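Visitor: Just so it is clear, I am handing over final.pdb, which has PDB, C-alpha atoms (C1' of nucleotides).
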MODEL        1
ATOM      1  CA  MET X   1       9.591   1.455  -0.854
ATOM      2  CA  GLU X   2       6.751   3.740   0.081
ATOM      3  CA  LYS X   3       4.192   2.867   2.678
ATOM      4  CA  THR X   4       1.360   3.229   0.195
ATOM      5  CA  GLU X   5       2.915   0.639  -2.098
ATOM      6  CA  ALA X   6       3.469  -1.733   0.784
ATOM      7  CA  VAL X   7      -0.143  -1.433   1.906
ATOM      8  CA  ALA X   8      -1.306  -2.011  -1.659
ATOM      9  CA  ALA X   9       0.847  -5.120  -1.984
ATOM     10  CA  LEU X  10      -0.223  -6.501   1.382
ATOM     11  CA  ALA X  11      -3.884  -5.794   0.650
ATOM     12  CA  ALA X  12      -3.496  -7.555  -2.652
ATOM     13  CA  LEU X  13      -2.174 -10.632  -0.867
ATOM     14  CA  ALA X  14      -4.614 -10.437   2.030
ATOM     15  CA  GLN X  15      -7.385 -12.304   0.304
ATOM     16  CA  GLU X  16      -7.641 -16.034   0.058
ATOM     17  CA  ASN X  17      -8.134 -16.289  -3.687
ATOM     18  CA  ARG X  18      -5.440 -13.782  -4.504
ATOM     19  CA  LEU X  19      -2.993 -15.373  -2.127
ATOM     20  CA  ASP X  20      -3.639 -18.666  -3.886
ATOM     21  CA  VAL X  21      -3.145 -17.032  -7.257
ATOM     22  CA  PHE X  22       0.049 -15.315  -6.231
ATOM     23  CA  ARG X  23       1.575 -18.373  -4.629
ATOM     24  CA  LEU X  24       0.670 -20.443  -7.652
ATOM     25  CA  LEU X  25       2.506 -17.920  -9.822
ATOM     26  CA  VAL X  26       5.435 -17.775  -7.423
ATOM     27  CA  GLN X  27       5.737 -21.526  -7.576
ATOM     28  CA  ALA X  28       5.302 -21.523 -11.347
ATOM     29  CA  GLY X  29       8.406 -19.359 -11.661
ATOM     30  CA  PRO X  30       9.278 -16.527 -14.046
ATOM     31  CA  ASP X  31       7.524 -18.082 -17.058
ATOM     32  CA  GLY X  32       4.109 -17.656 -15.454
ATOM     33  CA  LEU X  33       0.767 -19.251 -16.288
ATOM     34  CA  SER X  34      -2.181 -18.381 -18.505
ATOM     35  CA  ALA X  35      -5.276 -16.838 -16.934
ATOM     36  CA  GLY X  36      -7.297 -19.860 -17.976
ATOM     37  CA  HIS X  37      -4.813 -22.237 -16.422
ATOM     38  CA  VAL X  38      -5.039 -20.386 -13.122
ATOM     39  CA  ALA X  39      -8.839 -20.267 -13.314
ATOM     40  CA  THR X  40      -8.978 -24.032 -13.798
ATOM     41  CA  ALA X  41      -6.357 -24.792 -11.172
ATOM     42  CA  LEU X  42      -8.139 -22.750  -8.517
ATOM     43  CA  GLY X  43     -11.753 -23.144  -9.627
ATOM     44  CA  LEU X  44     -12.474 -19.444 -10.017
ATOM     45  CA  ALA X  45     -14.917 -17.722 -12.363
ATOM     46  CA  PRO X  46     -12.991 -15.972 -15.149
ATOM     47  CA  ASN X  47     -14.356 -12.519 -14.414
ATOM     48  CA  THR X  48     -13.666 -12.897 -10.712
ATOM     49  CA  LEU X  49     -10.145 -13.920 -11.583
ATOM     50  CA  THR X  50      -9.688 -10.864 -13.789
ATOM     51  CA  PHE X  51     -10.689  -8.715 -10.857
ATOM     52  CA  HIS X  52      -8.105 -10.355  -8.637
ATOM     53  CA  PHE X  53      -5.384 -10.255 -11.299
ATOM     54  CA  ASP X  54      -6.075  -6.553 -11.644
ATOM     55  CA  ARG X  55      -5.525  -5.971  -7.999
ATOM     56  CA  LEU X  56      -2.324  -7.974  -7.995
ATOM     57  CA  ARG X  57      -1.134  -6.119 -11.061
ATOM     58  CA  HIS X  58      -1.945  -2.671  -9.694
ATOM     59  CA  ALA X  59      -0.081  -3.634  -6.560
ATOM     60  CA  GLY X  60       2.909  -4.396  -8.789
ATOM     61  CA  LEU X  61       3.014  -8.048  -7.777
ATOM     62  CA  VAL X  62       2.377  -9.614 -11.176
ATOM     63  CA  THR X  63       2.915  -8.796 -14.828
ATOM     64  CA  CYS X  64       0.947  -9.977 -17.826
ATOM     65  CA  ARG X  65       1.616 -10.458 -21.509
ATOM     66  CA  ARG X  66      -0.453 -11.763 -24.357
ATOM     67  CA  ALA X  67       0.415 -15.051 -25.997
ATOM     68  CA  GLY X  68      -1.978 -16.028 -28.775
ATOM     69  CA  ARG X  69      -5.454 -15.840 -27.375
ATOM     70  CA  SER X  70      -4.272 -16.474 -23.849
ATOM     71  CA  ILE X  71      -2.836 -13.982 -21.427
ATOM     72  CA  ILE X  72       0.078 -15.094 -19.327
ATOM     73  CA  TYR X  73       0.499 -13.819 -15.786
ATOM     74  CA  ALA X  74       3.744 -14.060 -13.867
ATOM     75  CA  ALA X  75       4.857 -13.113 -10.355
ATOM     76  CA  ARG X  76       7.222 -10.174  -9.962
ATOM     77  CA  PHE X  77       9.874 -11.568  -7.695
ATOM     78  CA  ASP X  78      11.642  -8.247  -7.329
ATOM     79  CA  ALA X  79       8.469  -6.671  -5.938
ATOM     80  CA  MET X  80       8.009  -9.543  -3.535
ATOM     81  CA  ARG X  81      11.515  -9.151  -2.176
ATOM     82  CA  THR X  82      11.107  -5.406  -1.816
ATOM     83  CA  LEU X  83       7.961  -5.943   0.202
ATOM     84  CA  LEU X  84       9.566  -8.473   2.530
ATOM     85  CA  ALA X  85      12.491  -6.142   3.081
ATOM     86  CA  TYR X  86      10.126  -3.284   3.897
ATOM     87  CA  LEU X  87       8.454  -5.260   6.653
ATOM     88  CA  THR X  88      11.703  -6.024   8.387
ATOM     89  CA  GLU X  89      13.305  -2.622   7.887
ATOM     90  CA  ASN X  90      15.388  -1.483  10.835
ATOM     91  CA  CYS X  91      14.112  -4.441  12.722
ATOM     92  CA  CYS X  92      14.681  -5.739  16.222
ATOM     93  CA  GLN X  93      17.046  -2.988  17.424
ATOM     94  CA  GLY X  94      20.053  -5.063  16.555
ATOM     95  CA  THR X  95      18.825  -8.077  18.476
ATOM     96  CA  GLU X  96      18.764 -11.271  16.495
ATOM     97  CA  SER X  97      14.988 -11.597  16.648
ATOM     98  CA  CYS X  98      14.714 -11.715  12.917
ATOM     99  CA  ALA X  99      16.370 -14.477  10.926
ATOM    100  CA  PRO X 100      17.233 -13.989   7.273
ATOM    101  CA  ASP X 101      15.869 -17.228   5.823
ATOM    102  CA  ALA X 102      13.093 -15.719   3.717
ATOM    103  CA  CYS X 103      13.526 -17.871   0.648
ATOM    104  CA  VAL X 104      12.835 -21.560   0.886
ATOM    105  CA  PRO X 105      13.700 -22.876  -2.546
ATOM    106  CA  ALA X 106      11.955 -25.893  -3.988
ATOM    107  CA  LYS X 107      15.272 -27.588  -4.594
ATOM    108  CA  PRO X 108      17.491 -27.034  -1.529
ATOM    109  CA  ALA X 109      20.859 -26.146  -2.999
ATOM    110  CA  ARG X 110      23.456 -26.590  -0.301
ATOM    111  CA  ARG X 111      23.598 -25.618   3.361
ATOM    112  CA  LYS X 112      26.149 -23.189   4.772
ATOM    113  CA  ALA X 113      28.722 -24.628   7.182
ATOM    114  CA  LYS X 114      27.387 -22.850  10.255
ATOM    115  CA  GLU X 115      25.013 -19.990  10.953
ATOM    116  CA  THR X 116      26.044 -16.971  13.067
ATOM    117  CA  VAL X 117      24.443 -18.507  16.187
TER
ATOM    118  CA  MET M   1       1.646 -22.376   8.203
ATOM    119  CA  GLU M   2      -1.942 -22.566   7.103
ATOM    120  CA  LYS M   3      -3.374 -20.402   4.403
ATOM    121  CA  THR M   4      -5.986 -19.005   6.761
ATOM    122  CA  GLU M   5      -3.311 -17.777   9.150
ATOM    123  CA  ALA M   6      -1.356 -16.221   6.330
ATOM    124  CA  VAL M   7      -4.405 -14.374   5.035
ATOM    125  CA  ALA M   8      -5.164 -13.168   8.555
ATOM    126  CA  ALA M   9      -1.625 -11.893   9.025
ATOM    127  CA  LEU M  10      -1.528 -10.203   5.632
ATOM    128  CA  ALA M  11      -4.937  -8.639   6.184
ATOM    129  CA  ALA M  12      -3.742  -7.372   9.534
ATOM    130  CA  LEU M  13      -0.796  -5.677   7.859
ATOM    131  CA  ALA M  14      -2.756  -4.466   4.851
ATOM    132  CA  GLN M  15      -3.988  -1.312   6.468
ATOM    133  CA  GLU M  16      -2.046   1.881   6.767
ATOM    134  CA  ASN M  17      -2.460   2.430  10.491
ATOM    135  CA  ARG M  18      -1.771  -1.175  11.391
ATOM    136  CA  LEU M  19       1.259  -1.340   9.151
ATOM    137  CA  ASP M  20       2.572   1.745  10.925
ATOM    138  CA  VAL M  21       1.858   0.167  14.299
ATOM    139  CA  PHE M  22       3.508  -3.104  13.386
ATOM    140  CA  ARG M  23       6.587  -1.518  11.891
ATOM    141  CA  LEU M  24       6.922   0.728  14.897
ATOM    142  CA  LEU M  25       6.843  -2.355  17.107
ATOM    143  CA  VAL M  26       9.247  -4.222  14.844
ATOM    144  CA  GLN M  27      11.672  -1.337  15.075
ATOM    145  CA  ALA M  28      11.150  -1.042  18.808
ATOM    146  CA  GLY M  29      12.403  -4.604  19.229
ATOM    147  CA  PRO M  30      11.355  -7.388  21.601
ATOM    148  CA  ASP M  31      10.694  -5.057  24.544
ATOM    149  CA  GLY M  32       7.752  -3.441  22.795
ATOM    150  CA  LEU M  33       5.939  -0.190  23.508
ATOM    151  CA  SER M  34       2.932   0.856  25.596
ATOM    152  CA  ALA M  35      -0.403   1.379  23.867
ATOM    153  CA  GLY M  36      -0.322   5.023  24.849
ATOM    154  CA  HIS M  37       3.154   5.481  23.456
ATOM    155  CA  VAL M  38       2.033   4.066  20.133
ATOM    156  CA  ALA M  39      -1.120   6.191  20.145
ATOM    157  CA  THR M  40       0.936   9.337  20.673
ATOM    158  CA  ALA M  41       3.616   8.395  18.181
ATOM    159  CA  LEU M  42       1.103   7.748  15.421
ATOM    160  CA  GLY M  43      -1.640  10.185  16.374
ATOM    161  CA  LEU M  44      -4.418   7.621  16.679
ATOM    162  CA  ALA M  45      -7.490   7.675  18.911
ATOM    163  CA  PRO M  46      -7.052   5.162  21.734
ATOM    164  CA  ASN M  47     -10.161   3.158  20.898
ATOM    165  CA  THR M  48      -9.235   3.022  17.225
ATOM    166  CA  LEU M  49      -5.823   1.791  18.254
ATOM    167  CA  THR M  50      -7.326  -0.919  20.438
ATOM    168  CA  PHE M  51      -9.288  -2.114  17.420
ATOM    169  CA  HIS M  52      -6.117  -2.338  15.345
ATOM    170  CA  PHE M  53      -4.090  -3.961  18.119
ATOM    171  CA  ASP M  54      -6.818  -6.571  18.388
ATOM    172  CA  ARG M  55      -6.547  -7.412  14.751
ATOM    173  CA  LEU M  56      -2.784  -7.652  14.931
ATOM    174  CA  ARG M  57      -3.035  -9.807  18.014
ATOM    175  CA  HIS M  58      -5.643 -12.160  16.558
ATOM    176  CA  ALA M  59      -3.432 -12.499  13.523
ATOM    177  CA  GLY M  60      -0.665 -13.597  15.891
ATOM    178  CA  LEU M  61       1.590 -10.698  14.934
ATOM    179  CA  VAL M  62       1.835  -9.024  18.324
ATOM    180  CA  THR M  63       1.645  -9.953  21.986
ATOM    181  CA  CYS M  64       0.621  -7.805  24.913
ATOM    182  CA  ARG M  65       1.316  -7.770  28.626
ATOM    183  CA  ARG M  66       0.321  -5.467  31.410
ATOM    184  CA  ALA M  67       2.871  -3.265  33.129
ATOM    185  CA  GLY M  68       1.400  -1.032  35.814
ATOM    186  CA  ARG M  69      -1.483   0.820  34.273
ATOM    187  CA  SER M  70      -0.037   0.583  30.809
ATOM    188  CA  ILE M  71      -0.241  -2.305  28.423
ATOM    189  CA  ILE M  72       2.851  -3.124  26.454
ATOM    190  CA  TYR M  73       2.582  -4.464  22.931
ATOM    191  CA  ALA M  74       5.446  -6.177  21.137
ATOM    192  CA  ALA M  75       5.929  -7.628  17.673
ATOM    193  CA  ARG M  76       6.154 -11.402  17.329
ATOM    194  CA  PHE M  77       9.217 -11.843  15.208
ATOM    195  CA  ASP M  78       8.726 -15.567  14.864
ATOM    196  CA  ALA M  79       5.297 -15.021  13.324
ATOM    197  CA  MET M  80       6.705 -12.456  10.934
ATOM    198  CA  ARG M  81       9.380 -14.823   9.751
ATOM    199  CA  THR M  82       6.895 -17.643   9.308
ATOM    200  CA  LEU M  83       4.726 -15.408   7.160
ATOM    201  CA  LEU M  84       7.601 -14.322   4.951
ATOM    202  CA  ALA M  85       8.653 -17.920   4.494
ATOM    203  CA  TYR M  86       5.108 -18.886   3.539
ATOM    204  CA  LEU M  87       5.029 -16.356   0.728
ATOM    205  CA  THR M  88       8.209 -17.649  -0.821
ATOM    206  CA  GLU M  89       7.511 -21.332  -0.295
ATOM    207  CA  ASN M  90       8.703 -23.495  -3.179
ATOM    208  CA  CYS M  91       9.452 -20.367  -5.062
ATOM    209  CA  CYS M  92      10.817 -19.690  -8.516
ATOM    210  CA  GLN M  93      11.217 -23.288  -9.647
ATOM    211  CA  GLY M  94      14.845 -23.334  -8.609
ATOM    212  CA  THR M  95      15.677 -20.182 -10.542
ATOM    213  CA  GLU M  96      17.382 -17.512  -8.504
ATOM    214  CA  SER M  97      14.478 -15.072  -8.807
ATOM    215  CA  CYS M  98      14.169 -14.764  -5.079
ATOM    216  CA  ALA M  99      17.024 -13.445  -2.951
ATOM    217  CA  PRO M 100      17.280 -14.204   0.761
ATOM    218  CA  ASP M 101      18.053 -10.744   2.178
ATOM    219  CA  ALA M 102      14.894 -10.297   4.207
ATOM    220  CA  CYS M 103      16.365  -8.735   7.329
ATOM    221  CA  VAL M 104      17.924  -5.288   7.183
ATOM    222  CA  PRO M 105      19.116  -4.583  10.722
ATOM    223  CA  ALA M 106      19.111  -1.049  12.133
ATOM    224  CA  LYS M 107      22.685  -1.191  13.336
ATOM    225  CA  PRO M 108      24.781  -2.963  10.723
ATOM    226  CA  ALA M 109      26.902  -5.048  13.066
ATOM    227  CA  ARG M 110      29.761  -6.203  10.945
ATOM    228  CA  ARG M 111      29.885  -7.210   7.360
ATOM    229  CA  LYS M 112      30.745 -10.736   6.355
ATOM    230  CA  ALA M 113      33.993 -11.101   4.392
ATOM    231  CA  LYS M 114      32.143 -11.642   1.150
ATOM    232  CA  GLU M 115      28.542 -12.230   0.177
ATOM    233  CA  THR M 116      27.580 -15.218  -2.024
ATOM    234  CA  VAL M 117      27.591 -12.895  -5.079
TER
ATOM    235  C1'  DC B   1     -16.018 -13.012 -42.942
ATOM    236  C1'  DC B   2     -17.986 -16.275 -39.420
ATOM    237  C1'  DG B   3     -17.982 -19.246 -35.413
ATOM    238  C1'  DA B   4     -15.527 -20.540 -31.315
ATOM    239  C1'  DC B   5     -12.648 -19.567 -27.548
ATOM    240  C1'  DA B   6     -10.115 -16.665 -23.816
ATOM    241  C1'  DT B   7     -10.435 -12.873 -21.286
ATOM    242  C1'  DT B   8     -12.245  -8.396 -19.889
ATOM    243  C1'  DT B   9     -15.774  -4.753 -18.868
ATOM    244  C1'  DC B  10     -19.749  -3.015 -16.582
ATOM    245  C1'  DA B  11     -23.297  -2.369 -13.080
ATOM    246  C1'  DA B  12     -25.546  -3.986  -9.045
ATOM    247  C1'  DA B  13     -25.936  -6.628  -4.796
ATOM    248  C1'  DA B  14     -23.799  -8.743  -0.775
ATOM    249  C1'  DA B  15     -20.300  -8.815   2.592
ATOM    250  C1'  DT B  16     -16.613  -7.045   5.232
ATOM    251  C1'  DT B  17     -13.937  -3.419   7.506
ATOM    252  C1'  DA B  18     -12.743   1.181   9.678
ATOM    253  C1'  DT B  19     -13.973   5.125  12.408
ATOM    254  C1'  DT B  20     -16.643   7.630  15.766
ATOM    255  C1'  DG B  21     -18.416   8.875  20.386
ATOM    256  C1'  DA B  22     -20.005   7.613  24.856
ATOM    257  C1'  DA B  23     -19.566   4.692  28.626
ATOM    258  C1'  DA B  24     -17.083   0.915  31.271
ATOM    259  C1'  DT B  25     -13.065  -1.432  33.342
ATOM    260  C1'  DG B  26      -8.794  -1.844  35.823
ATOM    261  C1'  DA B  27      -4.670   0.132  38.165
ATOM    262  C1'  DT B  28      -2.482   3.801  40.700
ATOM    263  C1'  DC B  29      -1.996   7.881  43.834
ATOM    264  C1'  DC B  30      -3.492  10.531  47.727
TER
ATOM    265  C1'  DG J   1     -12.338   5.093  49.388
ATOM    266  C1'  DG J   2     -12.501   8.589  45.729
ATOM    267  C1'  DA J   3     -10.159  10.949  41.948
ATOM    268  C1'  DT J   4      -7.460  10.068  37.973
ATOM    269  C1'  DC J   5      -5.101   7.957  34.217
ATOM    270  C1'  DA J   6      -4.661   4.194  30.550
ATOM    271  C1'  DT J   7      -7.059   1.234  27.915
ATOM    272  C1'  DT J   8     -11.072  -1.358  26.369
ATOM    273  C1'  DT J   9     -16.019  -2.262  25.156
ATOM    274  C1'  DC J  10     -20.162  -1.347  22.735
ATOM    275  C1'  DA J  11     -23.251   0.233  19.141
ATOM    276  C1'  DA J  12     -23.912   2.879  15.080
ATOM    277  C1'  DT J  13     -22.385   4.869  10.861
ATOM    278  C1'  DA J  14     -19.423   5.307   6.888
ATOM    279  C1'  DA J  15     -16.431   3.333   3.586
ATOM    280  C1'  DT J  16     -14.417  -0.285   1.006
ATOM    281  C1'  DT J  17     -14.197  -4.769  -1.083
ATOM    282  C1'  DT J  18     -15.881  -9.150  -3.222
ATOM    283  C1'  DT J  19     -18.956 -11.641  -6.012
ATOM    284  C1'  DT J  20     -22.407 -12.217  -9.565
ATOM    285  C1'  DG J  21     -24.406 -12.244 -14.230
ATOM    286  C1'  DA J  22     -24.746 -10.423 -18.788
ATOM    287  C1'  DA J  23     -22.599  -8.390 -22.525
ATOM    288  C1'  DA J  24     -18.310  -6.816 -25.008
ATOM    289  C1'  DT J  25     -13.569  -7.264 -26.883
ATOM    290  C1'  DG J  26      -9.884  -9.425 -29.144
ATOM    291  C1'  DT J  27      -7.707 -13.686 -31.394
ATOM    292  C1'  DC J  28      -7.590 -17.720 -34.087
ATOM    293  C1'  DG J  29      -9.008 -21.391 -37.684
ATOM    294  C1'  DG J  30     -11.569 -22.383 -41.715
TER
ENDMDL
END
Before we go any further, please render this structure as structure tokens.
Guide:
Amino acid sequence: MEKTEAVAALAALAQENRLDVFRLLVQAGPDGLSAGHVATALGLAPNTLTFHFDRLRHAGLVTCRRAGRSIIYAARFDAMRTLLAYLTENCCQGTESCAPDACVPAKPARRKAKETV
Amino acid sequence: MEKTEAVAALAALAQENRLDVFRLLVQAGPDGLSAGHVATALGLAPNTLTFHFDRLRHAGLVTCRRAGRSIIYAARFDAMRTLLAYLTENCCQGTESCAPDACVPAKPARRKAKETV
DNA sequence: CCGACATTTCAAAAATTATTGAAATGATCC
DNA sequence: GGATCATTTCAATAATTTTTGAAATGTCGG
């Protein structure tokens, strides 16, 4: 991942409304939500929301597709993972300062027997 | 983690120079680097760097301590992990859209027998 | 085709953020 | 104590970003 992309993605997330939007989409899963649904859920003006969607989309963090007269936005999970990996690249000089538990699923599947201390 | 903190941390990272600074500190490990060392490494004016350090510090992403006439800055790995976890909270509705490989260590220690495919 | 709805576009104003240069602080060396 | 080095503070300017309101586009149902 290039630095420019990472900055774009972080800048896209570094705003209260957009962070709300993105997390809502992340929690909604791959199927996404309509623009109107998001606007209602978060209480944002539709044109303001378009502006924020645009920034998220240009940052590569969401995709959109038309469905009838609505437009459905969805989080790009691959982009999110790439970003997280970029932040921790070559981290901690081999020390264990950085634990790998980045994904906290809604439904905890099953815990491993024991972590590598 | 509160939304406000997350926005602060993301905003702190959403700037080219600060992202460089933070990643340099992340790669330097828990011991950190002096302000001057960072300034030289990245070619930044010392007062500009102070401004950026301040933002990183207020966002809780770095700590600083004095050592002689230098001041040593270090990444806060705990804060980084908390932020990453916040982004992926309750993610993907149980689908596997979000993989857990957030930490890519500099020196690959030893590979586990087999990854969970 | 017309009316209603969902979303986007455009332009301007308001707010926030980054960089700069000069001067101040604090620690060390002689 | 005075010179020197490392970093910070302060104030001003420059640049970017967010919000707003009004009008436009595209889609559907009758």
Visitor: Would you mind listing, for every residue of chain X within 8 Å of chain J, the two atoms forming the shortest contact and the distance between them in Å to one decimal, using only C-alpha atoms (C1' of nucleotides), sorted by chain and ascending residue number, as a Markdown table?
Guide:
| residue | atom | partner | partner_atom | distance |
| --- | --- | --- | --- | --- |
| X:Thr48 | CA | J:DT19 | C1' | 7.2 |
| X:Gly68 | CA | J:DT27 | C1' | 6.7 |
| X:Arg69 | CA | J:DT27 | C1' | 5.1 |
Visitor: May I ask you to extract the residues of chain X within 10 Å of chain B, using all atoms listed in the file, and to give them as a PyMOL selection string?
Guide: chain X and resi 34-36+46-47+49-51+68-71
Visitor: So, counting only C-alpha atoms, which residue among X:Thr82, X:Thr95, X:Thr63, X:Asn90 is closest to chain M?
Guide: X:Asn90
Visitor: For each of X:Ala14, X:Leu83, X:Leu33, X:Gly43, take the minimum atom-to-atom distance to chain M, counting all atoms listed in the file, then give the residue where this is smallest.
Guide: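 Smallest separation from chain M among the options: X:Ala14.
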Visitor: Quick one: pull the distance between CA of Glu2 in chain X and CA of Gln27 in chain M, Å, one decimal.
Guide: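 Taking CA of Glu2 in chain X as the start and CA of Gln27 in chain M as the end point, the length is 16.6 Å.
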Visitor: Could you tell me how far CA of Leu13 in chain X sits from CA of His58 in chain X, in Å to one decimal place?
Guide: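 Rounded to one decimal, the two atoms are 11.9 Å apart.
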Visitor: Could you work out how far CA of Cys91 in chain X lies from CA of Arg81 in chain M, giving the answer in Å with one decimal?
Guide: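 Distance between the two atoms: 11.8 Å.
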Visitor: Could you give me, as an mmCIF file with C-alpha atoms, in the coordinates of the input, the residues that have an atom at most 6 Å away from the point (-3.2, -8.2, -5.5) in the coordinates of the file, using only C-alpha atoms (C1' of nucleotides)?
Guide:
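Dumped everything to part11.cif:
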data_model
loop_
_atom_site.group_PDB
_atom_site.id
_atom_site.type_symbol
_atom_site.label_atom_id
_atom_site.label_comp_id
_atom_site.auth_asym_id
_atom_site.auth_seq_id
_atom_site.Cartn_x
_atom_site.Cartn_y
_atom_site.Cartn_z
ATOM 1 C CA ALA X 12 -3.496 -7.555 -2.652
ATOM 2 C CA LEU X 13 -2.174 -10.632 -0.867
ATOM 3 C CA ARG X 55 -5.525 -5.971 -7.999
ATOM 4 C CA LEU X 56 -2.324 -7.974 -7.995
ATOM 5 C CA ALA X 59 -0.081 -3.634 -6.560
#
Visitor: As a check of understanding, name the residues that the PyMOL selection byres ((chain M and resi 28) around 12) selects in the supplied structure, as a PyMOL selection string.
Guide: (chain X and resi 88-95+97) or (chain M and resi 20-27+29-34+37-38+72-77+105-106)
Visitor: Tell me which of M:Ala39, M:Ala79, M:His52, M:Lys3 sits closest to Gln15 in chain M, counting all atoms listed in the file.
Guide: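 Result for the nearest residue to Gln15 in chain M: M:His52.
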